[in-house]
$ cat run.cif   # mmCIF, C-alpha atoms and all ligand atoms; chains and numbers go by the auth columns
data_target
#
loop_
_atom_site.group_PDB
_atom_site.id
_atom_site.type_symbol
_atom_site.label_atom_id
_atom_site.label_comp_id
_atom_site.label_asym_id
_atom_site.label_seq_id
_atom_site.Cartn_x
_atom_site.Cartn_y
_atom_site.Cartn_z
_atom_site.B_iso_or_equiv
_atom_site.auth_seq_id
_atom_site.auth_asym_id
ATOM 1 C CA MET A 1 14.528 28.034 -49.346 0.00 268 A
ATOM 2 C CA SER A 2 17.634 26.235 -50.615 0.00 269 A
ATOM 3 C CA LYS A 3 19.616 23.773 -48.554 0.00 270 A
ATOM 4 C CA THR A 4 22.969 24.695 -47.049 0.00 271 A
ATOM 5 C CA SER A 5 25.651 22.692 -45.253 0.00 272 A
ATOM 6 C CA HIS A 6 25.643 22.630 -41.471 0.00 273 A
ATOM 7 C CA THR A 7 28.583 21.259 -39.520 0.00 274 A
ATOM 8 C CA PHE A 8 28.712 20.402 -35.829 0.00 275 A
ATOM 9 C CA LYS A 9 29.810 17.672 -33.469 0.00 276 A
ATOM 10 C CA LEU A 10 27.173 15.022 -32.799 0.00 277 A
ATOM 11 C CA ASN A 11 27.797 12.321 -30.199 0.00 278 A
ATOM 12 C CA GLY A 12 31.554 12.653 -30.551 0.00 279 A
ATOM 13 C CA GLU A 13 31.731 12.841 -34.350 0.00 280 A
ATOM 14 C CA GLN A 14 32.086 15.898 -36.558 0.00 281 A
ATOM 15 C CA ILE A 15 29.221 15.735 -39.061 0.00 282 A
ATOM 16 C CA THR A 16 27.969 17.809 -41.968 0.00 283 A
ATOM 17 C CA VAL A 17 24.361 17.756 -43.077 0.00 284 A
ATOM 18 C CA GLU A 18 22.465 19.523 -45.869 0.00 285 A
ATOM 19 C CA ALA A 19 19.278 21.203 -44.679 0.00 286 A
ATOM 20 C CA GLU A 20 17.313 24.406 -45.078 0.00 287 A
ATOM 21 C CA ASP A 21 18.447 26.990 -42.522 0.00 288 A
ATOM 22 C CA ASP A 22 15.129 27.226 -40.700 0.00 289 A
ATOM 23 C CA VAL A 23 14.622 23.486 -40.172 0.00 290 A
ATOM 24 C CA ARG A 24 14.601 22.737 -36.462 0.00 291 A
ATOM 25 C CA LEU A 25 17.469 20.634 -35.212 0.00 292 A
ATOM 26 C CA LEU A 26 15.115 17.909 -33.942 0.00 293 A
ATOM 27 C CA TRP A 27 14.077 17.086 -37.523 0.00 294 A
ATOM 28 C CA VAL A 28 17.666 17.164 -38.714 0.00 295 A
ATOM 29 C CA LEU A 29 18.585 14.674 -35.991 0.00 296 A
ATOM 30 C CA ARG A 30 15.586 12.389 -36.421 0.00 297 A
ATOM 31 C CA ASP A 31 14.748 12.544 -40.125 0.00 298 A
ATOM 32 C CA LEU A 32 18.058 13.325 -41.801 0.00 299 A
ATOM 33 C CA LEU A 33 20.549 11.682 -39.441 0.00 300 A
ATOM 34 C CA GLY A 34 18.418 8.830 -38.049 0.00 301 A
ATOM 35 C CA VAL A 35 19.114 9.793 -34.435 0.00 302 A
ATOM 36 C CA THR A 36 15.711 9.064 -32.907 0.00 303 A
ATOM 37 C CA GLY A 37 16.485 9.062 -29.153 0.00 304 A
ATOM 38 C CA PRO A 38 15.265 12.666 -28.819 0.00 305 A
ATOM 39 C CA LYS A 39 11.478 12.341 -29.034 0.00 306 A
ATOM 40 C CA TYR A 40 8.910 14.648 -30.608 0.00 307 A
ATOM 41 C CA GLY A 41 6.089 15.666 -28.316 0.00 308 A
ATOM 42 C CA CYS A 42 5.074 19.270 -28.846 0.00 309 A
ATOM 43 C CA GLY A 43 7.646 20.898 -31.118 0.00 310 A
ATOM 44 C CA LEU A 44 7.253 24.051 -29.029 0.00 311 A
ATOM 45 C CA GLY A 45 9.767 23.733 -26.207 0.00 312 A
ATOM 46 C CA VAL A 46 7.084 22.728 -23.705 0.00 313 A
ATOM 47 C CA CYS A 47 6.975 18.950 -23.189 0.00 314 A
ATOM 48 C CA GLN A 48 10.784 18.469 -23.031 0.00 315 A
ATOM 49 C CA ALA A 49 10.567 15.045 -24.718 0.00 316 A
ATOM 50 C CA CYS A 50 13.351 16.070 -27.114 0.00 317 A
ATOM 51 C CA THR A 51 15.764 17.170 -24.355 0.00 318 A
ATOM 52 C CA SER A 52 19.386 16.678 -25.384 0.00 319 A
ATOM 53 C CA HIS A 53 22.632 18.483 -24.514 0.00 320 A
ATOM 54 C CA ILE A 54 24.437 21.301 -26.273 0.00 321 A
ATOM 55 C CA ASN A 55 27.940 21.771 -24.897 0.00 322 A
ATOM 56 C CA GLY A 56 26.916 19.762 -21.833 0.00 323 A
ATOM 57 C CA LYS A 57 23.755 21.727 -21.021 0.00 324 A
ATOM 58 C CA ALA A 58 20.132 20.703 -21.534 0.00 325 A
ATOM 59 C CA PHE A 59 18.274 22.190 -24.500 0.00 326 A
ATOM 60 C CA ASN A 60 15.326 21.448 -26.744 0.00 327 A
ATOM 61 C CA PRO A 61 16.360 20.729 -30.349 0.00 328 A
ATOM 62 C CA CYS A 62 12.725 21.156 -31.447 0.00 329 A
ATOM 63 C CA SER A 63 13.103 24.875 -30.754 0.00 330 A
ATOM 64 C CA VAL A 64 16.461 25.592 -32.412 0.00 331 A
ATOM 65 C CA PRO A 65 16.860 26.135 -36.172 0.00 332 A
ATOM 66 C CA VAL A 66 19.816 24.131 -37.473 0.00 333 A
ATOM 67 C CA SER A 67 21.424 27.376 -38.711 0.00 334 A
ATOM 68 C CA LYS A 68 21.919 28.462 -35.071 0.00 335 A
ATOM 69 C CA ILE A 69 24.225 25.516 -34.369 0.00 336 A
ATOM 70 C CA GLU A 70 27.881 26.535 -34.710 0.00 337 A
ATOM 71 C CA PRO A 71 30.624 24.259 -36.069 0.00 338 A
ATOM 72 C CA GLY A 72 32.220 24.209 -32.604 0.00 339 A
ATOM 73 C CA ASP A 73 29.020 23.164 -30.857 0.00 340 A
ATOM 74 C CA GLU A 74 28.816 19.681 -29.433 0.00 341 A
ATOM 75 C CA ILE A 75 25.392 18.047 -29.436 0.00 342 A
ATOM 76 C CA THR A 76 24.846 14.965 -27.307 0.00 343 A
ATOM 77 C CA THR A 77 21.702 12.875 -27.515 0.00 344 A
ATOM 78 C CA ILE A 78 20.792 9.874 -25.367 0.00 345 A
ATOM 79 C CA GLU A 79 22.610 7.707 -27.934 0.00 346 A
ATOM 80 C CA GLY A 80 25.895 9.456 -27.116 0.00 347 A
ATOM 81 C CA LEU A 81 25.438 9.729 -23.343 0.00 348 A
ATOM 82 C CA PRO A 82 27.272 6.505 -22.316 0.00 349 A
ATOM 83 C CA ALA A 83 30.378 7.536 -24.292 0.00 350 A
ATOM 84 C CA THR A 84 30.629 10.719 -22.208 0.00 351 A
ATOM 85 C CA VAL A 85 31.653 8.465 -19.313 0.00 352 A
ATOM 86 C CA GLY A 86 33.390 5.829 -21.445 0.00 353 A
ATOM 87 C CA LYS A 87 30.937 3.060 -20.500 0.00 354 A
ATOM 88 C CA ASP A 88 28.144 1.016 -22.061 0.00 355 A
ATOM 89 C CA LEU A 89 25.621 2.826 -19.884 0.00 356 A
ATOM 90 C CA HIS A 90 25.757 6.144 -18.063 0.00 357 A
ATOM 91 C CA PRO A 91 25.235 5.879 -14.253 0.00 358 A
ATOM 92 C CA MET A 92 21.917 7.691 -14.683 0.00 359 A
ATOM 93 C CA GLN A 93 20.732 5.017 -17.125 0.00 360 A
ATOM 94 C CA GLU A 94 21.851 2.297 -14.700 0.00 361 A
ATOM 95 C CA ALA A 95 19.833 3.937 -11.927 0.00 362 A
ATOM 96 C CA TRP A 96 16.835 4.109 -14.275 0.00 363 A
ATOM 97 C CA LEU A 97 17.034 0.361 -14.896 0.00 364 A
ATOM 98 C CA GLU A 98 17.671 -0.411 -11.233 0.00 365 A
ATOM 99 C CA LEU A 99 14.533 1.465 -10.177 0.00 366 A
ATOM 100 C CA ASP A 100 12.496 0.282 -13.179 0.00 367 A
ATOM 101 C CA VAL A 101 11.442 3.850 -13.948 0.00 368 A
ATOM 102 C CA ALA A 102 9.997 3.606 -17.451 0.00 369 A
ATOM 103 C CA GLN A 103 6.386 2.846 -18.206 0.00 370 A
ATOM 104 C CA CYS A 104 5.640 3.451 -21.926 0.00 371 A
ATOM 105 C CA GLY A 105 9.157 4.888 -22.201 0.00 372 A
ATOM 106 C CA TYR A 106 8.377 7.713 -24.614 0.00 373 A
ATOM 107 C CA CYS A 107 9.453 10.584 -22.356 0.00 374 A
ATOM 108 C CA GLN A 108 12.369 8.733 -20.803 0.00 375 A
ATOM 109 C CA PRO A 109 15.323 9.717 -23.048 0.00 376 A
ATOM 110 C CA GLY A 110 14.448 13.353 -22.398 0.00 377 A
ATOM 111 C CA GLN A 111 14.006 12.692 -18.678 0.00 378 A
ATOM 112 C CA ILE A 112 17.456 11.108 -18.422 0.00 379 A
ATOM 113 C CA MET A 113 19.140 13.884 -20.416 0.00 380 A
ATOM 114 C CA ALA A 114 17.438 16.518 -18.261 0.00 381 A
ATOM 115 C CA ALA A 115 18.494 14.651 -15.102 0.00 382 A
ATOM 116 C CA VAL A 116 22.158 14.435 -16.106 0.00 383 A
ATOM 117 C CA ALA A 117 22.261 18.131 -17.014 0.00 384 A
ATOM 118 C CA LYS A 118 20.624 19.081 -13.717 0.00 385 A
ATOM 119 C CA VAL A 119 23.097 17.011 -11.672 0.00 386 A
ATOM 120 C CA ARG A 120 25.990 18.606 -13.570 0.00 387 A
ATOM 121 C CA GLN A 121 24.532 22.055 -12.927 0.00 388 A
ATOM 122 C CA ALA A 122 24.285 21.385 -9.189 0.00 389 A
ATOM 123 C CA ALA A 123 27.841 19.965 -9.137 0.00 390 A
ATOM 124 C CA ALA A 124 29.130 23.076 -10.925 0.00 391 A
ATOM 125 C CA ALA A 125 27.555 25.127 -8.125 0.00 392 A
ATOM 126 C CA GLY A 126 29.415 22.934 -5.618 0.00 393 A
ATOM 127 C CA ARG A 127 26.467 20.981 -4.214 0.00 394 A
ATOM 128 C CA GLU A 128 24.545 17.743 -4.509 0.00 395 A
ATOM 129 C CA ILE A 129 21.228 17.674 -6.296 0.00 396 A
ATOM 130 C CA GLY A 130 18.277 18.406 -4.003 0.00 397 A
ATOM 131 C CA ASP A 131 14.494 18.511 -4.133 0.00 398 A
ATOM 132 C CA ALA A 132 14.495 22.151 -5.237 0.00 399 A
ATOM 133 C CA ASP A 133 16.591 21.175 -8.289 0.00 400 A
ATOM 134 C CA LEU A 134 14.271 18.295 -9.066 0.00 401 A
ATOM 135 C CA ASP A 135 11.284 20.647 -8.890 0.00 402 A
ATOM 136 C CA GLU A 136 12.857 22.666 -11.720 0.00 403 A
ATOM 137 C CA ILE A 137 12.813 19.748 -14.159 0.00 404 A
ATOM 138 C CA ARG A 138 9.762 20.345 -16.346 0.00 405 A
ATOM 139 C CA ASN A 139 9.770 17.188 -18.485 0.00 406 A
ATOM 140 C CA ILE A 140 6.242 15.869 -18.883 0.00 407 A
ATOM 141 C CA CYS A 141 5.482 12.168 -18.369 0.00 408 A
ATOM 142 C CA ARG A 142 2.002 11.157 -19.484 0.00 409 A
ATOM 143 C CA CYS A 143 2.400 7.881 -17.586 0.00 410 A
ATOM 144 C CA GLY A 144 3.061 9.726 -14.329 0.00 411 A
ATOM 145 C CA THR A 145 6.378 8.080 -13.423 0.00 412 A
ATOM 146 C CA TYR A 146 7.500 11.202 -11.567 0.00 413 A
ATOM 147 C CA THR A 147 8.085 9.559 -8.182 0.00 414 A
ATOM 148 C CA ARG A 148 10.408 6.921 -9.644 0.00 415 A
ATOM 149 C CA ILE A 149 12.146 9.552 -11.792 0.00 416 A
ATOM 150 C CA ARG A 150 13.010 11.584 -8.693 0.00 417 A
ATOM 151 C CA GLU A 151 14.362 8.538 -6.860 0.00 418 A
ATOM 152 C CA ALA A 152 16.410 7.506 -9.891 0.00 419 A
ATOM 153 C CA ILE A 153 17.949 10.955 -10.321 0.00 420 A
ATOM 154 C CA LYS A 154 19.145 10.927 -6.707 0.00 421 A
ATOM 155 C CA ALA A 155 20.533 7.389 -7.121 0.00 422 A
ATOM 156 C CA GLY A 156 22.138 8.157 -10.495 0.00 423 A
ATOM 157 C CA ALA A 157 23.730 11.336 -9.167 0.00 424 A
ATOM 158 C CA LYS A 158 25.683 9.285 -6.635 0.00 425 A
ATOM 159 C CA GLY A 159 27.406 7.454 -9.515 0.00 426 A
ATOM 160 C CA MET A 160 28.321 10.609 -11.418 0.00 427 A
HETATM 161 S S1 LIG B . 9.221 18.257 -28.612 0.00 1 B
HETATM 162 FE FE1 LIG B . 10.795 19.541 -27.888 0.00 1 B
HETATM 163 S S2 LIG B . 9.962 20.391 -26.041 0.00 1 B
HETATM 164 FE FE2 LIG B . 8.322 19.178 -26.829 0.00 1 B
HETATM 165 S S1 LIG B . 6.904 6.764 -19.336 0.00 2 B
HETATM 166 FE FE1 LIG B . 5.213 7.098 -20.683 0.00 2 B
HETATM 167 S S2 LIG B . 5.278 9.251 -21.025 0.00 2 B
HETATM 168 FE FE2 LIG B . 6.744 8.937 -19.481 0.00 2 B
#
$ encode --input "run.cif" --output "C-alpha cells" --more "lines below"
Ligand code: FES
Ligand code: FES
Amino acid sequence: MSKTSHTFKLNGEQITVEAEDDVRLLWVLRDLLGVTGPKYGCGLGVCQACTSHINGKAFNPCSVPVSKIEPGDEITTIEGLPATVGKDLHPMQEAWLELDVAQCGYCQPGQIMAAVAKVRQAAAAGREIGDADLDEIRNICRCGTYTRIREAIKAGAKGM
C-alpha cells in the first residue's frame, strides 16, 4: 500500500505525516513522530498502556488506523497534557508524584491519561469522581500499583 498524507493536531500543533492508511496511530506517534509517551503493551485495545486523548476523551491509538483521524481531530498524549492547563505539570501528574505512584512506570502515562479523561467525564456529568468511576478504568498495571493510582486520581481531581 502506498503512503498518503495525514493531517491532524498533535499536542497543540497541526502536523502532517506520510504513512500507509492502515498503520495504527500508535506506530505513527511512536515510530514516525518520536512521541513515545503512549506505550505499547498489547496492540489490541486491551491493556490500555497507549491511552491518550482524542478531542479530550480517552482512546487507544493502537486500535485506530491513522486514516480514521480527521484533520480537525486533536490528539493529546502525556507529552502534551501539561500544556492543556498551561503549566509544567498537570495536577494529576503532581498528585502522582506526591503519592509516589509509579513502580516500573511503564503503564503510568496511560494511567494518568485515563484518569484525567475519567475526571473530565464525571465533571461533565456534574459530579465528582467516585469509586464506581474508578472501577471503570481498565488500565493494567503489572506492578500492581492500583491502590496508589486510586488515591492519586482522587487527589489529582481536586486540582482540576
Ligand atoms: S497497546 Fe493499546 S491497549 Fe494495549
Ligand atoms: S508501574 Fe509497572 S506496570 Fe504499572
$ residues_near_ligand --input "run.cif" --ligand "ligand LIG 2 (chain B)" --cutoff "9 Å" --atoms "all atoms listed in the file" --output "list of chain:residue names"
A:Ala316, A:Val368, A:Ala369, A:Gln370, A:Cys371, A:Gly372, A:Tyr373, A:Cys374, A:Gln375, A:Gln378, A:Asn406, A:Ile407, A:Cys408, A:Arg409, A:Cys410, A:Gly411, A:Thr412, A:Tyr413
$ residues_around --input "run.cif" --residues "Leu364 in chain A" --least-positions-apart "6" --cutoff "12 Å" --atoms "all atoms listed in the file" --output "ChimeraX atom specification"
/A:356-358,370,372,375,379,415-416,418-420,422-423
$ write_last_selection --input "run.cif" --atoms "C-alpha atoms" --output "CSV table (one decimal), in the coordinates of the input"
chain,number,residue,atom,x,y,z
A,356,LEU,CA,25.6,2.8,-19.9
A,357,HIS,CA,25.8,6.1,-18.1
A,358,PRO,CA,25.2,5.9,-14.3
A,370,GLN,CA,6.4,2.8,-18.2
A,372,GLY,CA,9.2,4.9,-22.2
A,375,GLN,CA,12.4,8.7,-20.8
A,379,ILE,CA,17.5,11.1,-18.4
A,415,ARG,CA,10.4,6.9,-9.6
A,416,ILE,CA,12.1,9.6,-11.8
A,418,GLU,CA,14.4,8.5,-6.9
A,419,ALA,CA,16.4,7.5,-9.9
A,420,ILE,CA,17.9,11.0,-10.3
A,422,ALA,CA,20.5,7.4,-7.1
A,423,GLY,CA,22.1,8.2,-10.5
$ closest_residue --input "run.cif" --among "A:Pro328, A:Asp400, A:Glu341, A:Thr414" --to "Asp367 in chain A" --atoms "only C-alpha atoms"
A:Thr414
$ residues_near_ligand --input "run.cif" --ligand "ligand LIG 1 (chain B)" --cutoff "8 Å" --atoms "only C-alpha atoms and all ligand atoms" --output "list in words"
Leu293, Lys306, Tyr307, Gly308, Cys309, Gly310, Leu311, Gly312, Val313, Cys314, Gln315, Ala316, Cys317, Thr318, Asn327, Pro328, Cys329 and Ser330 of chain A
$ write_last_selection --input "run.cif" --atoms "C-alpha atoms" --output "PDB file, keeping the file's coordinate frame"
ATOM      1  CA  LEU A 293      15.115  17.909 -33.942  1.00  0.00           C
ATOM      2  CA  LYS A 306      11.478  12.341 -29.034  1.00  0.00           C
ATOM      3  CA  TYR A 307       8.910  14.648 -30.608  1.00  0.00           C
ATOM      4  CA  GLY A 308       6.089  15.666 -28.316  1.00  0.00           C
ATOM      5  CA  CYS A 309       5.074  19.270 -28.846  1.00  0.00           C
ATOM      6  CA  GLY A 310       7.646  20.898 -31.118  1.00  0.00           C
ATOM      7  CA  LEU A 311       7.253  24.051 -29.029  1.00  0.00           C
ATOM      8  CA  GLY A 312       9.767  23.733 -26.207  1.00  0.00           C
ATOM      9  CA  VAL A 313       7.084  22.728 -23.705  1.00  0.00           C
ATOM     10  CA  CYS A 314       6.975  18.950 -23.189  1.00  0.00           C
ATOM     11  CA  GLN A 315      10.784  18.469 -23.031  1.00  0.00           C
ATOM     12  CA  ALA A 316      10.567  15.045 -24.718  1.00  0.00           C
ATOM     13  CA  CYS A 317      13.351  16.070 -27.114  1.00  0.00           C
ATOM     14  CA  THR A 318      15.764  17.170 -24.355  1.00  0.00           C
ATOM     15  CA  ASN A 327      15.326  21.448 -26.744  1.00  0.00           C
ATOM     16  CA  PRO A 328      16.360  20.729 -30.349  1.00  0.00           C
ATOM     17  CA  CYS A 329      12.725  21.156 -31.447  1.00  0.00           C
ATOM     18  CA  SER A 330      13.103  24.875 -30.754  1.00  0.00           C
TER      19      SER A 330
END
$ closest_residue --input "run.cif" --among "A:Ser269, A:Ser334, A:Thr274, A:Thr344" --to "Gly301 in chain A" --atoms "all atoms listed in the file"
A:Thr344
$ atom_distance --input "run.cif" --atom1 "CA of Trp294 in chain A" --atom2 "CA of Leu277 in chain A"
14.1 Å
$ atom_distance --input "run.cif" --atom1 "CA of His273 in chain A" --atom2 "CA of Ala286 in chain A"
7.3 Å
$ resolve_selection --input "run.cif" --expression "the PyMOL selection byres (((chain A and resi 338) around 12) and not hetatm)" --output "ChimeraX atom specification"
/A:272-277,280-284,321-322,333-337,339-342
$ atom_distance --input "run.cif" --atom1 "CA of Lys421 in chain A" --atom2 "CA of Ile396 in chain A"
7.1 Å
$ closest_residue --input "run.cif" --among "A:Val352, A:Ile345, A:Leu296, A:Ala325" --to "Ala381 in chain A" --atoms "only C-alpha atoms"
A:Ala325
$ residues_around --input "run.cif" --residues "Gly347 in chain A" --least-positions-apart "3" --cutoff "8 Å" --atoms "only C-alpha atoms" --output "ChimeraX atom specification"
/A:278-279,343-344,350-351
